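S.K.: My structure is in entry-v4.cif, and what it holds is mmCIF, C-alpha atoms:
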```
data_my_file
loop_
_atom_site.label_atom_id
_atom_site.label_comp_id
_atom_site.auth_asym_id
_atom_site.auth_seq_id
_atom_site.Cartn_x
_atom_site.Cartn_y
_atom_site.Cartn_z
CA MET A 1 -2.10 -1.17 -59.00
CA VAL A 2 -0.54 -2.56 -62.24
CA LEU A 3 0.89 -0.26 -64.94
CA ILE A 4 0.68 -1.49 -68.56
CA VAL A 5 3.19 0.18 -70.89
CA ASP A 6 2.76 -0.37 -74.65
CA ASP A 7 2.76 1.88 -77.72
CA ILE A 8 -0.09 -0.10 -79.31
CA LYS A 9 -3.50 0.76 -77.86
CA ALA A 10 -5.07 -2.52 -78.93
CA ASN A 11 -2.51 -4.47 -76.88
CA ILE A 12 -3.16 -2.22 -73.87
CA LEU A 13 -6.95 -2.62 -74.09
CA ALA A 14 -6.80 -6.41 -74.44
CA LEU A 15 -4.42 -6.85 -71.51
CA LYS A 16 -6.28 -4.30 -69.38
CA LYS A 17 -9.59 -6.10 -69.85
CA THR A 18 -8.01 -9.45 -68.95
CA LEU A 19 -6.58 -8.09 -65.70
CA GLU A 20 -9.75 -6.21 -64.73
CA LEU A 21 -11.77 -9.40 -65.10
CA HIS A 22 -9.68 -10.68 -62.14
CA ASN A 23 -10.33 -7.53 -60.08
CA ILE A 24 -6.83 -6.11 -60.62
CA ASP A 25 -6.56 -2.30 -60.74
CA VAL A 26 -4.86 -1.15 -63.94
CA ASP A 27 -3.25 2.06 -65.23
CA THR A 28 -1.74 2.56 -68.69
CA ALA A 29 1.01 4.45 -70.52
CA GLU A 30 1.65 4.52 -74.29
CA SER A 31 5.37 5.38 -74.18
CA GLY A 32 8.43 4.98 -72.03
CA GLU A 33 8.51 8.69 -71.28
CA GLU A 34 4.86 8.72 -70.13
CA ALA A 35 5.50 5.65 -68.02
CA LEU A 36 8.45 7.31 -66.21
CA LYS A 37 6.38 10.38 -65.38
CA LYS A 38 3.57 8.27 -63.94
CA ILE A 39 5.89 5.96 -61.99
CA LEU A 40 7.46 8.95 -60.21
CA GLN A 41 4.01 10.18 -59.14
CA ILE A 42 2.10 6.94 -58.41
CA ASN A 43 3.07 3.85 -56.41
CA TYR A 44 2.68 0.78 -58.65
CA SER A 45 2.86 -2.80 -57.45
CA LEU A 46 3.80 -4.25 -60.86
CA ILE A 47 4.73 -3.00 -64.34
CA ILE A 48 3.99 -4.95 -67.53
CA MET A 49 6.35 -3.48 -70.11
CA ASP A 50 6.50 -3.85 -73.89
CA VAL A 51 10.09 -4.08 -75.11
CA GLN A 52 9.89 -2.50 -78.55
CA MET A 53 8.65 1.12 -78.33
CA PRO A 54 9.58 4.33 -80.14
CA GLY A 55 11.69 6.75 -78.06
CA LEU A 56 12.65 5.05 -74.81
CA ASP A 57 12.26 1.32 -75.27
CA GLY A 58 11.39 -1.09 -72.44
CA PHE A 59 15.02 -1.97 -71.66
CA GLU A 60 15.96 1.68 -71.21
CA VAL A 61 12.96 2.43 -69.00
CA VAL A 62 13.70 -0.52 -66.68
CA LYS A 63 17.38 0.44 -66.49
CA ILE A 64 16.36 3.94 -65.36
CA LEU A 65 13.95 2.48 -62.80
CA SER A 66 16.57 0.11 -61.36
CA GLY A 67 18.92 3.05 -60.75
CA ASN A 68 16.35 4.97 -58.71
CA LYS A 69 16.04 4.19 -54.99
CA LYS A 70 12.30 4.81 -55.00
CA THR A 71 11.51 2.59 -58.04
CA LYS A 72 14.22 -0.10 -58.04
CA ASP A 73 12.07 -2.61 -56.10
CA ILE A 74 9.01 -2.42 -58.41
CA PRO A 75 8.75 -5.79 -60.22
CA VAL A 76 8.70 -5.57 -64.06
CA ILE A 77 7.39 -8.18 -66.51
CA PHE A 78 8.58 -7.80 -70.12
CA LEU A 79 5.97 -8.79 -72.70
CA SER A 80 7.10 -8.96 -76.35
CA ALA A 81 6.09 -10.54 -79.66
CA LEU A 82 9.08 -9.26 -81.64
CA ASN A 83 12.14 -9.48 -79.35
CA ILE A 84 11.87 -13.19 -78.59
CA GLU A 85 15.46 -14.26 -79.16
CA LYS A 86 17.57 -15.44 -76.20
CA LYS A 87 19.82 -12.41 -76.30
CA TYR A 88 16.81 -10.14 -75.71
CA ILE A 89 15.49 -12.39 -72.95
CA PHE A 90 18.92 -12.33 -71.23
CA LYS A 91 19.10 -8.58 -71.63
CA GLY A 92 15.65 -8.23 -70.04
CA TYR A 93 16.73 -10.10 -66.94
CA GLU A 94 20.03 -8.21 -66.81
CA THR A 95 18.25 -4.85 -66.75
CA GLY A 96 16.28 -5.94 -63.65
CA ALA A 97 13.04 -7.53 -64.87
CA VAL A 98 11.51 -10.35 -62.84
CA GLU A 99 10.00 -12.11 -65.86
CA TYR A 100 10.27 -12.09 -69.69
CA ILE A 101 7.20 -13.45 -71.50
CA THR A 102 7.01 -13.89 -75.25
CA LYS A 103 3.82 -13.87 -77.31
CA PRO A 104 1.48 -15.54 -77.93
CA VAL A 105 0.67 -15.42 -74.23
CA ASP A 106 -1.30 -17.94 -72.23
CA SER A 107 -3.68 -15.59 -70.40
CA ASP A 108 -4.20 -17.96 -67.46
CA LEU A 109 -0.45 -18.30 -66.96
CA LEU A 110 -0.02 -14.53 -67.23
CA ILE A 111 -2.74 -13.88 -64.61
CA LEU A 112 -1.14 -16.44 -62.29
CA LYS A 113 2.27 -14.77 -62.62
CA VAL A 114 0.78 -11.28 -62.18
CA LYS A 115 -1.01 -12.33 -58.98
CA THR A 116 2.14 -14.04 -57.68
CA PHE A 117 4.32 -10.99 -58.23
CA LEU A 118 1.65 -8.73 -56.74
CA LYS A 119 1.56 -10.95 -53.66
CA ILE A 120 5.36 -10.98 -53.39
CA TYR A 121 5.49 -7.21 -53.75
CA GLU A 122 2.82 -6.79 -51.07
CA GLN A 123 4.73 -9.08 -48.69
CA GLN A 124 7.96 -7.23 -49.38
CA ASN A 125 6.26 -3.95 -48.57
CA GLN A 126 4.91 -5.42 -45.33
CA LEU A 127 8.39 -6.67 -44.41
CA ARG A 128 9.85 -3.29 -45.27
CA GLU A 129 7.27 -1.53 -43.09
CA MET A 130 7.92 -3.99 -40.27
CA LYS A 131 11.65 -3.43 -40.59
CA GLU A 132 11.13 0.34 -40.42
CA LEU A 133 8.93 -0.04 -37.35
CA LEU A 134 11.51 -2.30 -35.71
CA SER A 135 14.26 0.18 -36.54
CA LYS A 136 12.23 2.98 -34.97
CA GLU A 137 11.45 0.81 -31.94
CA ILE A 138 15.14 -0.07 -31.53
CA LYS A 139 16.08 3.58 -31.85
CA ILE A 140 13.46 4.63 -29.30
CA ARG A 141 14.53 1.89 -26.88
CA LYS A 142 18.19 2.72 -27.31
CA GLU A 143 17.48 6.38 -26.60
CA ALA A 144 15.39 5.36 -23.58
CA GLN A 145 18.16 3.04 -22.38
CA ASP A 146 20.78 5.73 -22.87
CA ASN A 147 18.61 8.19 -20.95
CA LEU A 148 18.01 5.58 -18.24
CA GLU A 149 21.73 4.86 -17.93
CA ILE A 150 22.42 8.58 -17.68
CA LYS A 151 19.74 8.95 -14.99
CA ILE A 152 21.05 5.87 -13.13
CA THR A 153 24.58 7.28 -13.23
CA GLU A 154 23.38 10.65 -12.00
CA ARG A 155 21.23 9.04 -9.30
CA THR A 156 24.13 6.82 -8.22
CA LYS A 157 26.38 9.85 -7.87
CA GLU A 158 23.66 11.61 -5.85
CA LEU A 159 23.27 8.56 -3.59
CA ILE A 160 27.03 8.30 -3.06
CA ILE A 161 27.18 11.97 -2.11
CA LYS A 162 24.13 11.63 0.16
CA ASN A 163 25.60 8.49 1.75
CA GLU A 164 28.88 10.29 2.42
CA GLU A 165 26.97 13.21 3.91
CA LEU A 166 24.90 10.79 6.01
CA GLU A 167 28.01 8.99 7.29
CA LEU A 168 29.57 12.34 8.19
CA LYS A 169 26.45 13.48 10.00
CA ASN A 170 26.20 10.09 11.70
CA HIS A 171 29.78 10.42 12.90
CA GLU A 172 29.09 13.96 14.09
CA LEU A 173 25.94 12.73 15.86
CA GLN A 174 27.90 10.00 17.66
CA GLN A 175 30.50 12.54 18.78
CA PHE A 176 27.71 14.86 19.89
CA ALA A 177 25.99 12.03 21.80
CA TRP A 178 29.24 11.13 23.55
CA VAL A 179 29.96 14.74 24.52
CA VAL A 180 26.38 15.33 25.68
CA SER A 181 26.30 12.10 27.70
CA HIS A 182 29.62 12.97 29.31
CA ASP A 183 28.51 16.54 30.10
CA LEU A 184 25.19 15.28 31.51
CA ASN A 185 26.68 12.42 33.49
CA GLU A 186 29.20 14.62 35.27
CA PRO A 187 26.71 16.97 37.01
CA ILE A 188 24.46 14.01 37.85
CA ARG A 189 27.41 12.24 39.43
CA LYS A 190 28.17 15.33 41.52
CA ILE A 191 24.51 15.62 42.53
CA GLN A 192 24.59 12.01 43.76
CA ILE A 193 27.83 12.58 45.71
CA PHE A 194 26.69 15.80 47.42
CA ILE A 195 23.19 14.45 48.18
CA LYS A 196 24.74 11.38 49.84
CA ILE A 197 27.10 13.63 51.87
CA ILE A 198 24.16 15.78 53.00
CA LYS A 199 22.21 12.65 53.90
CA ASP A 200 25.03 11.11 55.91
CA LEU A 201 26.18 14.29 57.72
CA TYR A 202 23.03 16.31 58.32
CA LEU A 203 19.88 14.22 57.82
CA ALA A 204 20.61 10.89 59.47
CA LYS A 205 18.07 11.48 62.29
CA ASP A 206 15.28 12.88 60.07
CA ASP A 207 13.48 9.92 58.51
CA LYS A 208 11.32 12.06 56.26
CA ALA A 209 14.31 13.98 54.92
CA VAL A 210 16.21 10.71 54.36
CA ASP A 211 13.25 9.38 52.35
CA TYR A 212 13.24 12.49 50.14
CA VAL A 213 16.99 12.25 49.64
CA ASN A 214 16.75 8.55 48.72
CA ARG A 215 14.11 9.38 46.11
CA THR A 216 16.37 12.08 44.70
CA ILE A 217 19.31 9.66 44.47
CA LYS A 218 17.08 7.09 42.79
CA SER A 219 15.92 9.64 40.20
CA ALA A 220 19.54 10.61 39.49
CA GLU A 221 20.42 6.93 38.99
CA ARG A 222 17.53 6.53 36.56
CA MET A 223 18.69 9.59 34.63
CA GLN A 224 22.23 8.19 34.51
CA THR A 225 20.92 4.84 33.19
CA LEU A 226 18.82 6.62 30.58
CA ILE A 227 21.84 8.59 29.32
CA THR A 228 23.94 5.41 29.16
CA ASP A 229 21.21 3.56 27.23
CA LEU A 230 20.73 6.42 24.80
CA LEU A 231 24.45 6.52 24.14
CA ALA A 232 24.47 2.75 23.54
CA TYR A 233 21.51 3.07 21.12
CA SER A 234 23.22 5.86 19.15
CA ARG A 235 26.41 3.81 18.77
CA LEU A 236 24.60 0.95 17.00
CA SER A 237 24.72 2.77 13.65
CA ALA A 238 28.53 2.66 13.58
CA LYS A 239 30.09 0.12 11.19
CA VAL A 240 31.99 -2.67 12.94
CA GLN A 241 33.50 -5.72 11.24
CA PRO A 242 31.96 -8.99 12.57
CA GLU A 243 34.14 -11.81 13.89
CA LYS A 244 33.78 -15.48 14.84
CA THR A 245 31.99 -15.47 18.19
CA ASP A 246 31.39 -18.35 20.58
CA LEU A 247 28.00 -17.44 22.04
CA ASN A 248 28.62 -19.74 25.01
CA GLU A 249 31.45 -17.45 26.13
CA VAL A 250 29.30 -14.36 25.60
CA LEU A 251 26.47 -15.90 27.66
CA GLN A 252 28.78 -16.92 30.50
CA GLU A 253 30.17 -13.39 30.70
CA VAL A 254 26.64 -12.01 30.99
CA LEU A 255 25.62 -14.57 33.63
CA SER A 256 28.78 -13.72 35.57
CA ASP A 257 27.73 -10.06 35.58
CA PHE A 258 24.33 -11.09 37.02
CA ASP A 259 25.80 -13.40 39.69
CA TYR A 260 24.69 -11.26 42.61
CA LEU A 261 21.15 -10.69 41.30
CA ILE A 262 20.74 -14.38 40.36
CA GLU A 263 21.81 -15.41 43.85
CA ARG A 264 19.63 -12.81 45.57
CA LYS A 265 16.55 -13.88 43.62
CA ASN A 266 17.45 -17.55 43.96
CA ALA A 267 17.05 -17.86 40.16
CA THR A 268 17.76 -21.01 38.18
CA ILE A 269 19.49 -20.64 34.80
CA LYS A 270 19.25 -23.53 32.31
CA THR A 271 21.23 -23.49 29.07
CA ASN A 272 22.22 -25.81 26.27
CA VAL A 273 25.16 -25.47 23.87
CA LEU A 274 25.02 -22.31 21.76
CA PRO A 275 26.65 -22.10 18.30
CA THR A 276 29.65 -20.10 17.07
CA ILE A 277 28.53 -17.41 14.63
CA ASP A 278 29.82 -14.34 12.81
CA SER A 279 28.85 -11.38 14.98
CA ILE A 280 29.89 -8.29 16.87
CA PRO A 281 30.45 -9.84 20.34
CA SER A 282 29.94 -6.67 22.37
CA GLN A 283 26.55 -6.09 20.73
CA LEU A 284 25.26 -9.63 21.25
CA ARG A 285 26.48 -9.42 24.85
CA GLN A 286 24.21 -6.40 25.18
CA VAL A 287 21.27 -8.38 23.74
CA PHE A 288 21.73 -11.18 26.29
CA GLN A 289 22.15 -8.61 29.08
CA ASN A 290 18.87 -6.95 28.16
CA LEU A 291 16.89 -10.19 27.78
CA ILE A 292 18.26 -11.93 30.89
CA GLY A 293 18.11 -8.67 32.88
CA ASN A 294 14.42 -8.30 31.93
CA ALA A 295 13.75 -11.94 32.85
CA LEU A 296 15.22 -11.33 36.32
CA LYS A 297 13.55 -7.94 36.70
CA PHE A 298 10.07 -9.14 35.74
CA SER A 299 10.28 -12.45 37.60
CA ASN A 300 7.29 -13.52 39.60
CA ASN A 301 8.05 -12.84 43.25
CA THR A 302 5.87 -15.73 44.44
CA GLU A 303 8.21 -18.41 43.08
CA ASN A 304 11.86 -18.87 42.18
CA PRO A 305 12.72 -17.45 38.74
CA ILE A 306 13.61 -20.01 36.08
CA ILE A 307 15.34 -18.79 32.91
CA GLU A 308 15.99 -21.18 30.03
CA ILE A 309 18.35 -20.26 27.17
CA THR A 310 18.19 -22.78 24.33
CA SER A 311 19.48 -22.93 20.76
CA GLU A 312 19.01 -25.07 17.66
CA LEU A 313 20.14 -24.90 14.03
CA ILE A 314 17.42 -24.31 11.45
CA GLU A 315 17.13 -24.45 7.66
CA THR A 316 15.83 -20.97 6.83
CA LYS A 317 15.53 -17.48 8.25
CA ASP A 318 12.12 -18.05 9.78
CA PHE A 319 10.78 -18.24 13.32
CA ASP A 320 8.96 -21.49 12.52
CA ALA A 321 11.71 -23.04 10.35
CA LYS A 322 12.42 -26.76 10.73
CA PRO A 323 15.44 -27.81 12.81
CA SER A 324 18.38 -29.03 10.73
CA PRO A 325 21.86 -30.15 11.87
CA ASN A 326 23.27 -28.53 8.71
CA GLY A 327 21.17 -25.35 8.88
CA ASP A 328 22.59 -21.95 8.01
CA TYR A 329 20.71 -20.19 10.83
CA CYS A 330 20.31 -20.62 14.57
CA ARG A 331 17.18 -20.04 16.63
CA ILE A 332 17.91 -18.88 20.18
CA THR A 333 15.14 -18.69 22.80
CA VAL A 334 15.31 -16.93 26.17
CA LYS A 335 12.35 -18.17 28.21
CA ASP A 336 11.28 -17.15 31.72
CA ASN A 337 8.43 -17.84 34.15
CA GLY A 338 7.89 -14.20 35.08
CA ILE A 339 4.90 -11.86 34.96
CA GLY A 340 4.60 -12.03 31.15
CA PHE A 341 2.60 -9.58 29.02
CA ASP A 342 -0.39 -9.47 26.69
CA GLU A 343 0.71 -10.24 23.11
CA ILE A 344 -1.54 -7.49 21.75
CA TYR A 345 1.28 -5.18 22.88
CA LEU A 346 3.99 -7.18 21.07
CA ASP A 347 4.79 -4.40 18.58
CA ARG A 348 5.19 -1.84 21.39
CA ILE A 349 7.83 -3.65 23.42
CA PHE A 350 10.53 -3.21 20.74
CA ILE A 351 9.90 0.53 20.30
CA ILE A 352 12.23 2.93 22.08
CA PHE A 353 10.88 4.48 25.34
CA GLN A 354 7.89 2.09 25.33
CA SER A 355 7.19 0.20 28.56
CA LEU A 356 4.23 -1.99 29.46
CA ASN A 357 4.78 -1.89 33.20
CA ASP A 358 4.70 0.64 36.00
CA ARG A 359 8.18 2.16 36.24
CA GLN A 360 7.68 2.72 39.95
CA SER A 361 7.44 -1.05 40.42
CA TYR A 362 9.86 -2.09 37.66
CA GLU A 363 12.76 0.22 36.93
CA GLY A 364 13.86 0.74 33.34
CA THR A 365 14.27 3.26 30.54
CA GLY A 366 12.21 1.52 27.85
CA ILE A 367 15.26 1.34 25.60
CA GLY A 368 16.63 -2.18 26.27
CA LEU A 369 14.43 -4.16 23.87
CA ALA A 370 14.70 -1.45 21.23
CA ILE A 371 18.49 -1.85 21.44
CA ALA A 372 18.15 -5.65 21.21
CA LYS A 373 15.95 -5.40 18.10
CA LYS A 374 18.28 -2.95 16.38
CA ILE A 375 21.30 -5.19 17.11
CA ILE A 376 19.59 -8.34 15.82
CA GLU A 377 18.49 -6.55 12.63
CA LYS A 378 22.03 -5.19 12.22
CA HIS A 379 23.15 -8.85 12.19
CA ASN A 380 20.55 -9.56 9.47
CA GLY A 381 18.44 -11.52 11.95
CA LEU A 382 14.92 -11.56 13.39
CA ILE A 383 13.53 -11.16 16.91
CA THR A 384 10.05 -11.62 18.34
CA ALA A 385 8.36 -12.71 21.58
CA LYS A 386 5.59 -14.98 22.84
CA SER A 387 3.87 -14.47 26.17
CA GLN A 388 0.78 -14.66 28.33
CA ILE A 389 0.05 -12.55 31.38
CA GLY A 390 1.28 -14.39 34.48
CA LYS A 391 2.80 -17.24 32.48
CA GLY A 392 6.19 -15.86 31.53
CA ALA A 393 7.66 -14.75 28.22
CA SER A 394 9.84 -16.24 25.49
CA PHE A 395 12.06 -14.09 23.31
CA ILE A 396 13.03 -15.80 20.05
CA MET A 397 15.98 -14.72 17.90
CA VAL A 398 16.98 -16.03 14.47
CA LEU A 399 20.57 -15.29 13.42
CA PRO A 400 22.70 -16.39 10.42
CA LEU A 401 25.76 -18.47 11.27
CA GLU A 402 27.86 -16.62 8.71
CA TYR A 403 27.97 -12.89 8.07
CA GLN A 404 25.46 -11.67 5.49
CA GLU A 405 25.55 -8.22 3.92
CA ILE A 406 22.27 -6.43 4.63
CA LYS A 407 20.65 -5.49 1.29
#
```
Transcribe the structure of this file into structure tokens.
M.R.:
Amino acid sequence: MVLIVDDIKANILALKKTLELHNIDVDTAESGEEALKKILQINYSLIIMDVQMPGLDGFEVVKILSGNKKTKDIPVIFLSALNIEKKYIFKGYETGAVEYITKPVDSDLLILKVKTFLKIYEQQNQLREMKELLSKEIKIRKEAQDNLEIKITERTKELIIKNEELELKNHELQQFAWVVSHDLNEPIRKIQIFIKIIKDLYLAKDDKAVDYVNRTIKSAERMQTLITDLLAYSRLSAKVQPEKTDLNEVLQEVLSDFDYLIERKNATIKTNVLPTIDSIPSQLRQVFQNLIGNALKFSNNTENPIIEITSELIETKDFDAKPSPNGDYCRITVKDNGIGFDEIYLDRIFIIFQSLNDRQSYEGTGIGLAIAKKIIEKHNGLITAKSQIGKGASFIMVLPLEYQEIK
């Protein structure tokens, strides 16, 4: 809305009619005092002000407006037929007016200027509103960020405390497992010793009694193996710093341990050159022991066991990754020609205490492959298997050559 301020009614009526013909809303005031009262109550987009008025003249009114935070941005056009000298024009601009027009006025030019200043004022208001919205948005986001940072800090502290508690409990659990395994192993060992003494001294001539005693000794051995495997599984959570490991040396140590069984089963072991990687040697030795031990255990009795251990460098951490002489990972395969298994049970074989075979025919605790999987994952690697019943099995491992922090 435009406010026309003039002490002559005829001037007001003429200008009002001109503006209304161009669909511009108009309000009027016949003195500076009346204009100030209205301006404080109503939001005007433009003021057309006569300079020469009784009481407060136009210059004084505009000076008051420019000193008020609420009204200082309202554009003012001075319109005068009497004060047309340069000094008055300069004074008009100095007081804060956006335009000073002397009479006679070109109505078309006046309408053009009025519309222009109305448009500018509207755009300024839009910018001001946008700025206020942006300021609010920034404030809200800052508060949200501050709250988020506080929550992250609190959560981090909680996680650190929980992690410390977990490490303490883990340490206590390892100590407990060691004590329990020791306390369980000792009576089992004594049972084995005394049963063997009874067998040798008192039951040698009773075949049925000897059979029962042998079964008892076998059960005690299985219990002892189970305790040892459980202890090994519990120790895998302990933090150990990896070191450069020649896997060829690790493999040869394992094969040396199986010398007797390899010779007894007339097994053939084929290997190629394995890489040197960052690892925990004792743990990878355990992986090879479990995989090669299983290959010998589940060998097909109708033919000589053949176990192939091969390795190649690959580009990415993927079972099907392409071979690359400069790869950052190695793919190691332990393949046998044993009894194999149905791949529908693939997920089960790596779960603790899971076994696909009759434990009367094939001894085991069902922990070995679970230990192997946990060790490979601890090295930030992958392990899987491929097999068919009666056609052997292949266990595939993917390991990084250099140590990688598990995220």
S.K.: For Ile48 of chain A, which of A:Gln123, A:Thr245, A:Asn23, A:Asn11 is the closest residue, counting only C-alpha atoms?
M.R.: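 Among the listed residues, the smallest separation from Ile48 of chain A belongs to A:Asn11.
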S.K.: May I ask which of the residues A:Glu186, A:Asp73, A:Asp57, A:Glu308 is the closest one to Asn43 of chain A, counting all atoms listed in the file?
M.R.: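 Among A:Glu186, A:Asp73, A:Asp57, A:Glu308, it is A:Asp73 that comes nearest to Asn43 of chain A.
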S.K.: Name the residues that the PyMOL selection byres ((chain A and resi 63) around 10) pulls out of this structure, and write them as a ChimeraX atom specification.
M.R.: /A:58-62,64-68,72,92,94-97
S.K.: Which residue out of A:Pro325, A:Pro75, A:Gly390, A:Pro275 has the minimum interatomic distance to Asp246 of chain A when only C-alpha atoms are used?
M.R.: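 Among the listed residues, A:Pro275 lies closest to Asp246 of chain A.
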S.K.: On this structure, which residues satisfy the PyMOL selection byres ((chain A and resi 289) around 12), written as number ranges by chain?
M.R.: A: 250-258, 282-288, 290-297, 334, 368-369, 371-372
S.K.: Pick out the closest residue to Ile389 of chain A from this set: A:Ile349, A:Ile367, A:Leu247, A:Ile344. Count all atoms listed in the file.
M.R.: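 Closest to Ile389 of chain A of all the choices is A:Ile344.
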S.K.: Do you know which residues are at most 8 Å from Asp6 of chain A counting all atoms listed in the file, after dropping those on the same chain fewer than 3 positions away, and could you put them as a ChimeraX atom specification?
M.R.: /A:9,11-12,29-31,49-50,53
S.K.: Taking all atoms listed in the file into account, which of A:Ala385, A:Leu109, A:Leu19, A:Ile375 comes nearest Arg348 of chain A?
M.R.: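 Nearest to Arg348 of chain A: A:Ala385.
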